[in-house]
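Colleague: mmCIF, C-alpha atoms and all ligand atoms, saved as model.cif, coming up:
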```cif
data_protein
loop_
_atom_site.label_atom_id
_atom_site.label_comp_id
_atom_site.auth_asym_id
_atom_site.auth_seq_id
_atom_site.Cartn_x
_atom_site.Cartn_y
_atom_site.Cartn_z
CA MET V 358 81.77 96.52 96.03
CA THR V 359 82.87 99.90 97.28
CA ARG V 360 82.07 103.14 95.54
CA THR V 361 85.68 103.65 94.42
CA GLN V 362 85.62 100.37 92.52
CA MET V 363 82.38 101.25 90.74
CA ARG V 364 83.65 104.65 89.58
CA SER V 365 84.13 104.99 85.83
CA ALA V 366 87.62 105.17 84.38
CA LEU V 367 87.09 108.82 83.49
CA GLY V 368 85.81 109.58 86.99
CA LYS V 369 88.95 108.04 88.45
CA ALA V 370 91.18 109.98 86.06
CA VAL V 371 89.43 113.26 86.92
CA GLY V 372 89.79 112.57 90.65
CA LEU V 373 89.33 115.79 92.57
CA GLY V 374 89.91 117.91 89.48
CA SER V 375 92.62 120.42 88.73
CA ALA V 376 94.09 122.45 91.59
CA ARG V 377 94.64 125.40 89.19
CA ASP V 378 97.93 125.91 90.96
CA GLY V 379 101.57 125.09 90.43
CA VAL V 380 102.84 127.76 88.05
CA GLU V 381 103.96 129.94 90.99
CA ASN V 382 106.06 127.18 92.60
CA TRP V 383 107.50 126.19 89.24
CA LEU V 384 108.57 129.75 88.49
CA LEU V 385 109.98 130.40 91.97
CA GLU V 386 112.01 127.19 91.86
CA ARG V 387 113.65 128.39 88.64
CA VAL V 388 114.12 131.99 89.77
CA SER V 389 115.71 130.89 93.06
CA ALA V 390 117.94 128.46 91.16
CA VAL V 391 119.20 131.27 88.93
CA ALA V 392 119.69 133.58 91.93
CA LEU V 393 121.66 130.86 93.73
CA ILE V 394 124.30 130.62 90.98
CA PRO V 395 126.03 133.98 91.70
CA LEU V 396 125.21 133.86 95.42
CA THR V 397 126.80 130.46 96.05
CA LEU V 398 129.77 131.38 93.85
CA TRP V 399 130.28 134.57 95.87
CA PHE V 400 129.90 132.70 99.16
CA THR V 401 132.32 129.93 98.22
CA VAL V 402 134.99 132.27 96.87
CA SER V 403 134.72 134.59 99.91
CA THR V 404 134.88 131.72 102.39
CA VAL V 405 137.96 130.30 100.69
CA MET V 406 139.60 133.77 100.63
CA HIS V 407 138.95 134.24 104.34
CA ALA V 408 140.13 130.77 105.22
CA GLY V 409 143.35 131.79 106.95
CA ASP V 410 142.04 135.02 108.57
CA ASP V 411 141.61 135.53 112.30
CA TYR V 412 138.27 135.98 114.06
CA ALA V 413 138.32 139.80 114.06
CA THR V 414 138.96 140.08 110.31
CA VAL V 415 136.17 137.66 109.44
CA MET V 416 133.77 139.52 111.77
CA ALA V 417 134.70 142.83 110.17
CA TRP V 418 134.02 141.33 106.74
CA LEU V 419 130.65 139.92 107.88
CA ARG V 420 129.66 143.34 109.30
CA ARG V 421 130.02 145.10 105.97
CA PRO V 422 126.54 146.01 104.66
CA VAL V 423 127.24 144.35 101.31
CA THR V 424 128.12 141.07 103.02
CA THR V 425 125.08 141.21 105.30
CA THR V 426 122.78 141.86 102.34
CA LEU V 427 124.26 139.07 100.23
CA MET V 428 124.17 136.66 103.19
CA ALA V 429 120.49 137.42 103.81
CA LEU V 430 119.69 136.94 100.11
CA LEU V 431 121.65 133.70 100.01
CA LEU V 432 119.83 132.30 103.06
CA MET V 433 116.39 133.18 101.71
CA ALA V 434 117.04 131.88 98.20
CA LEU V 435 118.75 128.74 99.49
CA PHE V 436 116.08 127.65 101.94
CA HIS V 437 113.21 128.57 99.68
CA HIS V 438 114.78 126.52 96.90
CA THR V 439 115.48 123.65 99.30
CA ALA V 440 111.87 123.64 100.50
CA LEU V 441 110.50 123.59 96.94
CA GLY V 442 112.87 120.80 95.94
CA LEU V 443 112.09 118.67 98.98
CA GLN V 444 108.38 119.26 98.42
CA VAL V 445 108.69 117.75 94.94
CA ILE V 446 110.58 114.73 96.29
CA ILE V 447 108.02 114.11 99.03
CA GLU V 448 105.07 114.50 96.63
CA ASP V 449 106.75 112.12 94.17
CA TYR V 450 107.60 109.30 96.53
CA VAL V 451 105.42 109.45 99.65
CA HIS V 452 101.92 108.11 99.15
CA SER V 453 100.84 107.40 102.69
CA ARG V 454 99.29 109.73 105.25
CA MET V 455 102.86 110.61 106.26
CA LYS V 456 102.91 112.91 103.24
CA VAL V 457 101.14 115.82 104.91
CA LEU V 458 103.17 115.44 108.11
CA LEU V 459 106.42 115.34 106.18
CA LEU V 460 105.46 118.34 104.05
CA VAL V 461 104.54 120.45 107.08
CA GLY V 462 107.62 119.32 109.03
CA MET V 463 109.90 119.99 106.08
CA ARG V 464 108.43 123.46 105.54
CA LEU V 465 108.80 124.40 109.20
CA GLY V 466 112.34 122.97 109.28
CA CYS V 467 113.43 125.02 106.28
CA LEU V 468 111.80 128.13 107.72
CA ALA V 469 113.50 127.58 111.08
CA MET V 470 116.89 127.21 109.43
CA ALA V 471 116.41 130.30 107.29
CA VAL V 472 115.29 132.38 110.30
CA THR V 473 118.19 131.10 112.43
CA GLY V 474 120.63 132.08 109.71
CA LEU V 475 119.05 135.51 109.29
CA VAL V 476 119.07 136.21 113.02
CA ALA V 477 122.73 135.26 113.23
CA THR V 478 123.58 137.43 110.22
CA LEU V 479 121.71 140.43 111.64
CA LYS V 480 123.12 139.92 115.11
CA ILE V 481 126.63 140.01 113.70
CA ALA V 482 125.77 143.04 111.59
CA PHE V 483 124.15 145.14 114.34
CA GLY V 484 125.25 143.36 117.51
CA ALA V 485 128.00 144.13 119.90
CA MET F 1103 123.18 116.80 75.85
CA ILE F 1104 119.55 117.63 75.31
CA ILE F 1105 117.67 114.84 73.63
CA GLN F 1106 115.51 116.14 70.79
CA ARG F 1107 114.48 112.95 69.05
CA SER F 1108 114.35 109.28 69.80
CA ASP F 1109 117.05 108.38 67.29
CA GLU F 1110 119.67 110.30 69.29
CA VAL F 1111 121.76 108.08 71.49
CA PRO F 1112 123.15 109.40 74.76
CA ASP F 1113 126.92 110.13 74.81
CA ILE F 1114 127.41 108.35 78.08
CA THR F 1115 125.50 105.33 79.34
CA LEU F 1116 126.50 104.51 82.86
CA LEU F 1117 124.38 101.45 83.49
CA LYS F 1118 122.25 99.36 81.20
CA ARG F 1119 119.64 98.96 83.88
CA PHE F 1120 119.04 100.44 87.28
CA PRO F 1121 121.04 98.26 89.68
CA VAL F 1122 118.32 96.70 91.80
CA PRO F 1123 117.84 92.99 92.36
CA ARG F 1124 115.46 91.30 89.94
CA ASN F 1125 111.85 91.22 91.15
CA PHE F 1126 112.69 93.88 93.77
CA GLY F 1127 109.59 95.40 95.34
CA VAL F 1128 107.30 93.19 93.27
CA SER F 1129 104.36 91.59 95.02
CA ALA F 1130 104.61 87.82 95.40
CA GLY F 1131 101.70 87.38 92.99
CA SER F 1132 103.57 88.92 90.09
CA ARG F 1133 107.02 87.45 90.53
CA ILE F 1134 108.23 86.22 87.17
CA GLY F 1135 109.26 82.60 86.93
CA LYS F 1136 111.05 80.51 84.35
CA GLY F 1137 108.60 79.18 81.78
CA ARG F 1138 108.77 76.63 79.07
CA THR F 1139 111.61 76.31 76.58
CA TRP F 1140 110.23 75.41 73.18
CA PRO F 1141 112.58 73.38 71.02
CA ALA F 1142 114.26 74.97 68.03
CA PRO F 1143 112.69 74.12 64.65
CA GLY F 1144 114.49 71.23 62.98
CA GLY F 1145 116.61 71.92 59.92
CA ALA F 1146 116.78 75.70 60.36
CA ALA F 1147 120.07 77.38 59.47
CA ARG F 1148 119.66 80.76 61.16
CA ILE F 1149 117.99 80.63 64.56
CA ARG F 1150 117.34 83.43 67.01
CA ARG F 1151 116.31 82.99 70.63
CA PHE F 1152 113.44 85.08 72.04
CA ASP F 1153 112.61 85.27 75.74
CA VAL F 1154 108.96 86.30 75.91
CA TYR F 1155 106.87 87.33 78.91
CA ARG F 1156 103.81 85.15 79.35
CA TYR F 1157 100.88 85.65 81.68
CA ASP F 1158 97.72 83.60 81.63
CA PRO F 1159 94.81 85.15 83.57
CA ASP F 1160 92.89 81.87 83.46
CA SER F 1161 95.43 80.00 85.53
CA ASP F 1162 96.48 80.94 89.03
CA GLY F 1163 100.12 80.89 88.01
CA ASN F 1164 102.57 83.76 88.17
CA PRO F 1165 103.92 85.32 84.98
CA ARG F 1166 106.74 83.39 83.36
CA ILE F 1167 109.35 83.79 80.67
CA ASP F 1168 109.06 81.36 77.77
CA THR F 1169 111.97 80.75 75.44
CA PHE F 1170 111.27 80.43 71.71
CA HIS F 1171 113.60 79.79 68.80
CA VAL F 1172 112.67 81.50 65.56
CA ASP F 1173 113.83 80.35 62.13
CA LEU F 1174 114.95 83.65 60.60
CA ASP F 1175 114.91 82.27 57.04
CA ASP F 1176 111.21 81.52 57.36
CA CYS F 1177 110.22 84.80 59.02
CA GLY F 1178 109.99 88.53 58.12
CA PRO F 1179 112.57 91.04 59.32
CA MET F 1180 110.63 92.70 62.15
CA VAL F 1181 110.01 91.72 65.77
CA LEU F 1182 106.28 91.61 65.02
CA ASP F 1183 107.00 89.11 62.23
CA ALA F 1184 108.81 86.93 64.75
CA LEU F 1185 105.86 87.09 67.18
CA ILE F 1186 103.42 86.19 64.41
CA TRP F 1187 105.76 83.38 63.34
CA ILE F 1188 105.77 82.03 66.91
CA LYS F 1189 101.99 82.26 67.08
CA ASN F 1190 101.56 80.45 63.76
CA ARG F 1191 104.27 77.84 64.10
CA ILE F 1192 104.86 77.20 67.79
CA ASP F 1193 102.32 78.42 70.32
CA PRO F 1194 98.95 79.75 69.09
CA SER F 1195 98.11 80.98 72.58
CA LEU F 1196 100.76 83.75 72.48
CA THR F 1197 98.74 86.96 72.77
CA PHE F 1198 99.65 90.44 71.55
CA ARG F 1199 97.98 93.41 69.87
CA ARG F 1200 98.74 94.38 66.30
CA SER F 1201 96.91 95.84 63.39
CA CYS F 1202 98.68 97.94 60.77
CA ARG F 1203 102.15 96.32 60.95
CA GLU F 1204 103.64 99.58 59.67
CA GLY F 1205 103.91 101.86 62.70
CA VAL F 1206 100.72 103.90 62.31
CA CYS F 1207 98.17 102.28 64.62
CA GLY F 1208 100.14 102.12 67.87
CA SER F 1209 98.81 98.69 68.85
CA CYS F 1210 102.03 96.71 69.03
CA ALA F 1211 103.93 98.83 71.59
CA MET F 1212 105.90 96.61 73.94
CA ASN F 1213 109.14 96.49 75.87
CA ILE F 1214 111.79 95.09 73.53
CA ASP F 1215 115.27 94.54 74.99
CA GLY F 1216 114.41 96.90 77.82
CA THR F 1217 113.14 99.75 75.65
CA ASN F 1218 109.56 100.52 74.70
CA TRP F 1219 109.09 100.42 70.94
CA LEU F 1220 106.68 99.23 68.26
CA ALA F 1221 107.29 95.56 67.44
CA CYS F 1222 106.49 96.26 63.80
CA THR F 1223 109.18 98.91 63.33
CA ARG F 1224 112.02 97.20 65.22
CA PHE F 1225 114.38 94.99 63.18
CA ILE F 1226 115.14 91.56 64.59
CA SER F 1227 118.75 92.11 63.49
CA ASP F 1228 119.02 95.02 65.97
CA LEU F 1229 118.11 92.85 68.95
CA ALA F 1230 120.35 91.50 71.67
CA THR F 1231 120.91 87.75 72.08
CA PRO F 1232 118.68 86.46 73.53
CA ALA F 1233 116.05 89.06 72.67
CA THR F 1234 113.72 89.93 75.55
CA ILE F 1235 110.09 90.80 74.87
CA TYR F 1236 107.97 92.17 77.71
CA PRO F 1237 104.69 94.08 77.75
CA LEU F 1238 104.74 97.85 78.38
CA ALA F 1239 106.10 98.58 81.85
CA ASN F 1240 103.95 99.73 84.77
CA MET F 1241 100.66 98.48 83.38
CA SER F 1242 98.22 95.87 84.58
CA ILE F 1243 98.57 92.95 82.20
CA ILE F 1244 95.49 91.41 80.65
CA LYS F 1245 97.31 88.54 78.96
CA ASP F 1246 100.90 87.97 77.76
CA LEU F 1247 101.92 91.17 75.96
CA VAL F 1248 98.54 92.91 76.18
CA ALA F 1249 98.47 95.76 78.71
CA ASP F 1250 95.34 97.32 80.19
CA LEU F 1251 95.20 100.87 78.76
CA THR F 1252 91.83 101.84 80.27
CA HIS F 1253 93.23 104.44 82.65
CA LEU F 1254 95.49 105.95 80.00
CA PHE F 1255 92.61 106.41 77.56
CA ALA F 1256 90.51 107.88 80.36
CA GLN F 1257 93.30 110.39 80.97
CA HIS F 1258 93.29 111.12 77.23
CA ARG F 1259 89.53 111.67 77.32
CA LEU F 1260 90.08 114.04 80.26
CA VAL F 1261 91.96 116.61 78.14
CA GLU F 1262 89.06 116.67 75.64
CA PRO F 1263 91.13 115.87 72.55
CA TRP F 1264 88.82 117.47 70.01
CA LEU F 1265 88.24 120.94 68.60
CA ARG F 1266 86.37 123.18 71.03
CA SER F 1267 85.08 126.30 69.38
CA ARG F 1268 82.44 128.90 70.25
CA THR F 1269 82.34 130.50 66.83
CA SER F 1270 79.35 129.02 65.05
CA ALA F 1271 80.24 126.37 62.53
CA PRO F 1272 81.26 127.90 59.18
CA GLU F 1273 79.80 126.81 55.86
CA ARG F 1274 83.11 125.31 54.80
CA GLU F 1275 86.30 124.19 56.60
CA ARG F 1276 87.69 126.23 59.47
CA LEU F 1277 90.67 127.89 57.81
CA GLN F 1278 94.23 127.79 58.96
CA SER F 1279 97.28 129.50 57.42
CA PRO F 1280 100.12 127.22 56.28
CA ASP F 1281 102.15 128.66 59.15
CA GLU F 1282 99.52 127.80 61.74
CA ARG F 1283 99.30 124.33 60.27
CA HIS F 1284 103.07 123.85 60.55
CA ARG F 1285 102.90 124.50 64.27
CA LEU F 1286 101.07 121.17 64.62
CA ASP F 1287 104.05 119.31 63.14
CA GLY F 1288 105.65 117.09 65.74
CA LEU F 1289 102.34 116.89 67.61
CA TYR F 1290 99.75 115.48 65.22
CA GLU F 1291 101.92 112.46 64.32
CA CYS F 1292 101.46 110.85 67.76
CA ILE F 1293 99.80 107.44 67.43
CA MET F 1294 98.93 107.02 71.13
CA CYS F 1295 101.07 103.92 71.53
CA PHE F 1296 101.94 104.95 75.13
CA CYS F 1297 105.58 103.86 74.79
CA CYS F 1298 106.45 107.21 76.37
CA THR F 1299 103.98 107.14 79.27
CA SER F 1300 104.98 103.57 80.11
CA GLY F 1301 108.62 104.68 80.30
CA CYS F 1302 108.02 107.79 82.41
CA PRO F 1303 109.19 107.46 86.04
CA SER F 1304 106.80 110.20 87.14
CA HIS F 1305 103.93 108.21 85.70
CA TRP F 1306 105.16 105.09 87.52
CA TRP F 1307 104.98 106.81 90.91
CA ASN F 1308 101.97 109.06 90.38
CA GLY F 1309 100.17 107.74 87.31
CA ASP F 1310 96.80 108.02 89.03
CA ARG F 1311 97.05 111.82 88.84
CA PHE F 1312 99.94 112.73 86.52
CA LEU F 1313 98.65 112.72 82.95
CA GLY F 1314 101.89 111.43 81.44
CA PRO F 1315 103.73 112.44 78.26
CA ALA F 1316 101.39 110.94 75.63
CA VAL F 1317 98.32 112.71 77.00
CA LEU F 1318 100.17 115.97 77.66
CA LEU F 1319 101.50 115.96 74.09
CA GLN F 1320 97.90 115.61 72.91
CA ALA F 1321 96.85 118.41 75.26
CA ASN F 1322 99.54 120.59 73.70
CA ARG F 1323 98.37 119.60 70.22
CA TRP F 1324 94.98 121.19 71.00
CA LEU F 1325 96.51 124.18 72.80
CA THR F 1326 98.59 124.80 69.69
CA ASP F 1327 95.75 124.44 67.18
CA SER F 1328 94.89 127.91 65.84
CA ARG F 1329 91.24 126.89 65.34
CA ASP F 1330 90.67 125.92 68.97
CA GLU F 1331 89.02 128.53 71.20
CA ALA F 1332 89.19 126.77 74.57
CA THR F 1333 92.88 127.46 75.28
CA GLY F 1334 92.09 129.16 78.58
CA GLU F 1335 89.89 126.35 79.92
CA ARG F 1336 92.41 123.79 78.73
CA LEU F 1337 95.24 125.55 80.59
CA ASP F 1338 93.05 125.84 83.72
CA ASP F 1339 92.47 122.10 83.67
CA LEU F 1340 96.16 121.34 83.21
CA GLU F 1341 97.60 123.71 85.80
CA ASP F 1342 97.94 121.28 88.65
CA PRO F 1343 100.90 120.10 90.74
CA PHE F 1344 100.13 116.51 89.74
CA ARG F 1345 98.48 116.57 86.32
CA LEU F 1346 101.25 118.63 84.70
CA TYR F 1347 104.01 119.56 87.12
CA ARG F 1348 104.95 115.97 88.07
CA CYS F 1349 106.98 116.07 84.86
CA HIS F 1350 110.58 116.69 85.87
CA THR F 1351 112.00 116.73 82.33
CA ILE F 1352 113.70 113.35 82.72
CA LEU F 1353 113.07 112.90 78.97
CA ASN F 1354 112.67 109.11 78.98
CA CYS F 1355 109.57 109.87 76.92
CA THR F 1356 111.48 111.61 74.15
CA ARG F 1357 114.15 108.94 74.07
CA THR F 1358 111.65 106.13 73.65
CA CYS F 1359 109.09 107.62 71.26
CA PRO F 1360 109.07 105.29 68.22
CA LYS F 1361 107.71 108.11 66.06
CA GLY F 1362 110.65 110.39 66.91
CA LEU F 1363 108.45 112.97 68.64
CA ASN F 1364 109.44 115.09 71.62
CA PRO F 1365 106.77 114.91 74.36
CA GLY F 1366 109.25 116.43 76.84
CA LYS F 1367 109.37 119.59 74.76
CA ALA F 1368 105.60 119.62 74.32
CA ILE F 1369 105.23 119.57 78.11
CA ALA F 1370 107.81 122.35 78.49
CA ASP F 1371 105.77 124.37 75.96
CA ILE F 1372 102.64 123.97 78.11
CA LYS F 1373 104.60 125.20 81.15
CA LYS F 1374 105.83 128.17 79.10
CA MET F 1375 102.26 128.97 78.06
CA LEU F 1376 101.20 129.01 81.71
CA ILE F 1377 104.03 131.43 82.56
CA GLU F 1378 103.11 133.62 79.61
CA ARG F 1379 99.47 133.74 80.67
CA ARG F 1380 100.42 134.67 84.21
CA GLY F 1381 102.25 137.84 83.40
S1 LIG U 1 110.13 114.45 80.54
FE1 LIG U 1 108.34 114.42 81.88
S2 LIG U 1 106.87 113.20 80.83
FE2 LIG U 1 108.85 112.76 79.86
S3 LIG U 1 109.63 110.95 80.93
FE3 LIG U 1 110.34 112.75 81.98
S4 LIG U 1 108.90 113.17 83.62
FE4 LIG U 1 107.95 111.79 82.16
S1 LIG U 2 104.42 110.64 71.88
FE1 LIG U 2 105.41 108.98 70.78
S2 LIG U 2 105.66 107.37 72.31
FE2 LIG U 2 104.17 108.79 73.10
S3 LIG U 2 102.21 107.93 72.53
FE3 LIG U 2 102.79 109.41 70.95
S4 LIG U 2 103.82 108.23 69.41
FE4 LIG U 2 103.74 106.95 71.24
S1 LIG U 3 101.00 97.07 64.34
FE1 LIG U 3 100.37 99.14 64.13
S2 LIG U 3 101.99 100.20 65.08
FE2 LIG U 3 102.74 98.15 65.10
#
```
For the file at hand, write its structure as structure tokens.

Modeller:
Amino acid sequence: MTRTQMRSALGKAVGLGSARDGVENWLLERVSAVALIPLTLWFTVSTVMHAGDDYATVMAWLRRPVTTTLMALLLMALFHHTALGLQVIIEDYVHSRMKVLLLVGMRLGCLAMAVTGLVATLKIAFGA
Amino acid sequence: MIIQRSDEVPDITLLKRFPVPRNFGVSAGSRIGKGRTWPAPGGAARIRRFDVYRYDPDSDGNPRIDTFHVDLDDCGPMVLDALIWIKNRIDPSLTFRRSCREGVCGSCAMNIDGTNWLACTRFISDLATPATIYPLANMSIIKDLVADLTHLFAQHRLVEPWLRSRTSAPERERLQSPDERHRLDGLYECIMCFCCTSGCPSHWWNGDRFLGPAVLLQANRWLTDSRDEATGERLDDLEDPFRLYRCHTILNCTRTCPKGLNPGKAIADIKKMLIERRG
């Protein structure tokens, strides 16, 4: 009989103990969700309003400091929220060793997408 | 609509059950087969059919569904009465837990027509035809309708469900104002039947680490008690991505609690306490 099987029920329930962590992620997930409400609304409405415009007009709109700022905020809130949400899904449903790989890959993916978006936004704002 | 109590019915019900094939993802050893059909009692005027989950650990057989016919004129009004009637009149080997037969001991929790409830507080007249009686979901089954609750009680033990105080014991009772006492309402009534935990999807997937609604409601009961002095340690032990934060406020727990309690809200209150403590 292996050691795991001999462990008492309480020992099994205690496991590795409490991580004393989680409140930060929980709060950030809610804060980013609230921030995303006005940001996505603004983004959707603006995109629809610029739907028929030519390239130059859209570029001029994107170069405005207000637009750049809101775009940067949207990208950060969006990908942070996405990462936290995907983390919950992976932790819920993946129970194999793939879990760590998926978590790291997902984190890096979200970071890469956020950075790509930010670079593009800044390049448009300050670029030629 | 936010569900506050178990007697509230949802406005919209899309599907009666999650549309997966029967026995989907179930290991071959626990596939449920068709069992025996026991004949209806002769001369009975009002008969009700019950499909009951049977599992016999002493045989190598898989679980099976037996069909019984209960003579309603010879039997009390509750589901537990019907089970006792079956045990007395048809098959004495039918196994289930019961004690108080009035909804205070929490022994007779089972899955009745797809919902966890106490057999002693569910009217036979409210059942579907045929009525389906299963043990609590997501548990190892000891026999028939008796689930193995060892892990759940170990999780309960983990939150130290007793008064922890550093003030030396007073001569008389530890006092509490009526107001402080009222804050325990909706928490102290829990009878640890585990209807809620058995119905919680988060506990299905991560029950080894997630404490589940019944235990978290008890944890909140001691966090809320004005006489308890271990609030900080209790919160430390609960703040964990799995123990507490696996709860995603799905509220199956609140909808199924046969005592009309709201474990979902109790869990949200713990999360609020952790935010409050943080800053
Ligand atoms: S609210 Fe939380 S504890 Fe209740 S069923 Fe949902 S996940 Fe489980
Ligand atoms: S909260 Fe309700 S369903 Fe859950 S164990 Fe307590 S009494 Fe049973
Ligand atoms: S027998 Fe006690 S709760 Fe049903």

Colleague: For chain V, which residue out of F:Arg1276, F:Arg1348, F:Arg1166, F:Arg1148 is the nearest one, using all atoms listed in the file?

Modeller: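 With all atoms listed in the file as the atom set, the closest residue is F:Arg1348.
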
Colleague: For chain F, list the residues within 12 Å of chain V, counting all atoms listed in the file, and write the list as a count of residues only.

Modeller: 54

Colleague: Mind giving me the straight-line distance from CA of Ile481 (chain V) to CA of Met416 (chain V) in Å, one decimal?

Modeller: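 Interatomic distance here is 7.4 Å.
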
Colleague: Any idea what's packed within 8 Å of Ser1328 (chain F), counting only C-alpha atoms, ignoring anything in its chain fewer than 6 positions away? Could you give it as number ranges by chain?

Modeller: F: 1278, 1282-1283

Colleague: Using only C-alpha atoms, please write the residues we just selected to a file, as a short mmCIF file (atom, residue, chain, number, x, y, z; two decimals), in the coordinates of the input.

Modeller:
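In the end it all went to result_9.cif:
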```cif
data_model
loop_
_atom_site.label_atom_id
_atom_site.label_comp_id
_atom_site.auth_asym_id
_atom_site.auth_seq_id
_atom_site.Cartn_x
_atom_site.Cartn_y
_atom_site.Cartn_z
CA GLN F 1278 94.23 127.79 58.96
CA GLU F 1282 99.52 127.80 61.74
CA ARG F 1283 99.30 124.33 60.27
#
```

Colleague: What residues of the protein or nucleic acid chains come within 10 Å of ligand LIG 2 (chain U) when you use all atoms listed in the file? Reply as number ranges by chain.

Modeller: F: 1108, 1205-1209, 1211, 1218-1220, 1288-1301, 1314-1320, 1354-1366, 1368

Colleague: Take every atom of ligand LIG 3 (chain U) listed in the file, fit an axis-aligned box around them, add 6 Å per side, and give the centre and edge lengths in Å to one decimal as AutoDock Vina command-line options.

Modeller:
```
--center_x 101.6 --center_y 98.6 --center_z 64.6 --size_x 14.4 --size_y 15.1 --size_z 13.0
```

Colleague: Using Å and a single decimal, report how far CA of Asp1160 (chain F) sits from CA of Ala1130 (chain F).

Modeller: 17.8 Å

Colleague: For CA of Ala1233 (chain F) and CA of Asp1173 (chain F), quote the distance in Å rounded to one decimal.

Modeller: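 Spanning CA of Ala1233 (chain F) to CA of Asp1173 (chain F) is a straight-line distance of 13.9 Å.
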
Colleague: Excluding Thr1234 (chain F) and its own-chain neighbours fewer than 4 positions away, which residues fall within 12 Å of it when counting all atoms listed in the file? Please give them as a PyMOL selection string.

Modeller: chain F and resi 1150-1156+1167-1170+1181+1185+1212-1218+1221+1226+1229-1230+1247

Colleague: If you count only C-alpha atoms, which residues fall within 7 Å of Leu393 (chain V), apart from same-chain ones fewer than 3 positions away, as a list in words?

Modeller: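 The residues that qualify are Ser389, Ala390, Leu396, Thr397, Leu431, Ala434 and Leu435 of chain V.
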
Colleague: Write a file of the just-selected residues containing C-alpha atoms, as a PDB file, in the frame of the given file.

Modeller:
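Output file out-v2.pdb is given in full below:
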```pdb
ATOM      1  CA  SER V 389     115.710 130.890  93.060  1.00  0.00           C
ATOM      2  CA  ALA V 390     117.940 128.460  91.160  1.00  0.00           C
ATOM      3  CA  LEU V 396     125.210 133.860  95.420  1.00  0.00           C
ATOM      4  CA  THR V 397     126.800 130.460  96.050  1.00  0.00           C
ATOM      5  CA  LEU V 431     121.650 133.700 100.010  1.00  0.00           C
ATOM      6  CA  ALA V 434     117.040 131.880  98.200  1.00  0.00           C
ATOM      7  CA  LEU V 435     118.750 128.740  99.490  1.00  0.00           C
TER       8      LEU V 435
END
```

Colleague: Env of Leu443 (chain V): 8 Å cut, atoms = only C-alpha atoms, seq-sep filter 4 positions within chain, self excluded. Answer as a list in words.

Modeller: Thr439, Ile447 and Met463 of chain V

Colleague: Please output region 1257-1266 of chain F, rebuilt to include N, CA, C and O atoms, as a tab-separated table (two decimals), in the coordinates of the input.

Modeller:
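To be explicit, this is the file written out as result-v9.tsv:
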```tsv
chain	number	residue	atom	x	y	z
F	1257	GLN	N	92.55	109.15	80.82
F	1257	GLN	CA	93.30	110.39	80.97
F	1257	GLN	C	93.30	111.18	79.66
F	1257	GLN	O	93.24	112.41	79.66
F	1258	HIS	N	93.35	110.46	78.54
F	1258	HIS	CA	93.29	111.12	77.23
F	1258	HIS	C	91.95	111.81	77.05
F	1258	HIS	O	91.87	112.97	76.65
F	1259	ARG	N	90.88	111.12	77.42
F	1259	ARG	CA	89.53	111.67	77.32
F	1259	ARG	C	89.39	112.94	78.18
F	1259	ARG	O	88.70	113.89	77.83
F	1260	LEU	N	90.12	112.93	79.31
F	1260	LEU	CA	90.08	114.04	80.26
F	1260	LEU	C	90.52	115.37	79.63
F	1260	LEU	O	89.98	116.42	79.97
F	1261	VAL	N	91.49	115.34	78.71
F	1261	VAL	CA	91.96	116.61	78.14
F	1261	VAL	C	91.10	117.03	76.93
F	1261	VAL	O	91.43	117.98	76.24
F	1262	GLU	N	89.99	116.35	76.72
F	1262	GLU	CA	89.06	116.67	75.64
F	1262	GLU	C	89.80	116.87	74.31
F	1262	GLU	O	89.90	117.99	73.80
F	1263	PRO	N	90.31	115.76	73.75
F	1263	PRO	CA	91.13	115.87	72.55
F	1263	PRO	C	90.31	116.06	71.28
F	1263	PRO	O	90.31	115.21	70.38
F	1264	TRP	N	89.57	117.14	71.23
F	1264	TRP	CA	88.82	117.47	70.01
F	1264	TRP	C	88.71	118.98	69.95
F	1264	TRP	O	88.98	119.68	70.92
F	1265	LEU	N	88.33	119.50	68.79
F	1265	LEU	CA	88.24	120.94	68.60
F	1265	LEU	C	87.10	121.51	69.43
F	1265	LEU	O	85.96	121.04	69.34
F	1266	ARG	N	87.41	122.50	70.25
F	1266	ARG	CA	86.37	123.18	71.03
F	1266	ARG	C	86.32	124.62	70.55
F	1266	ARG	O	87.28	125.36	70.69
```
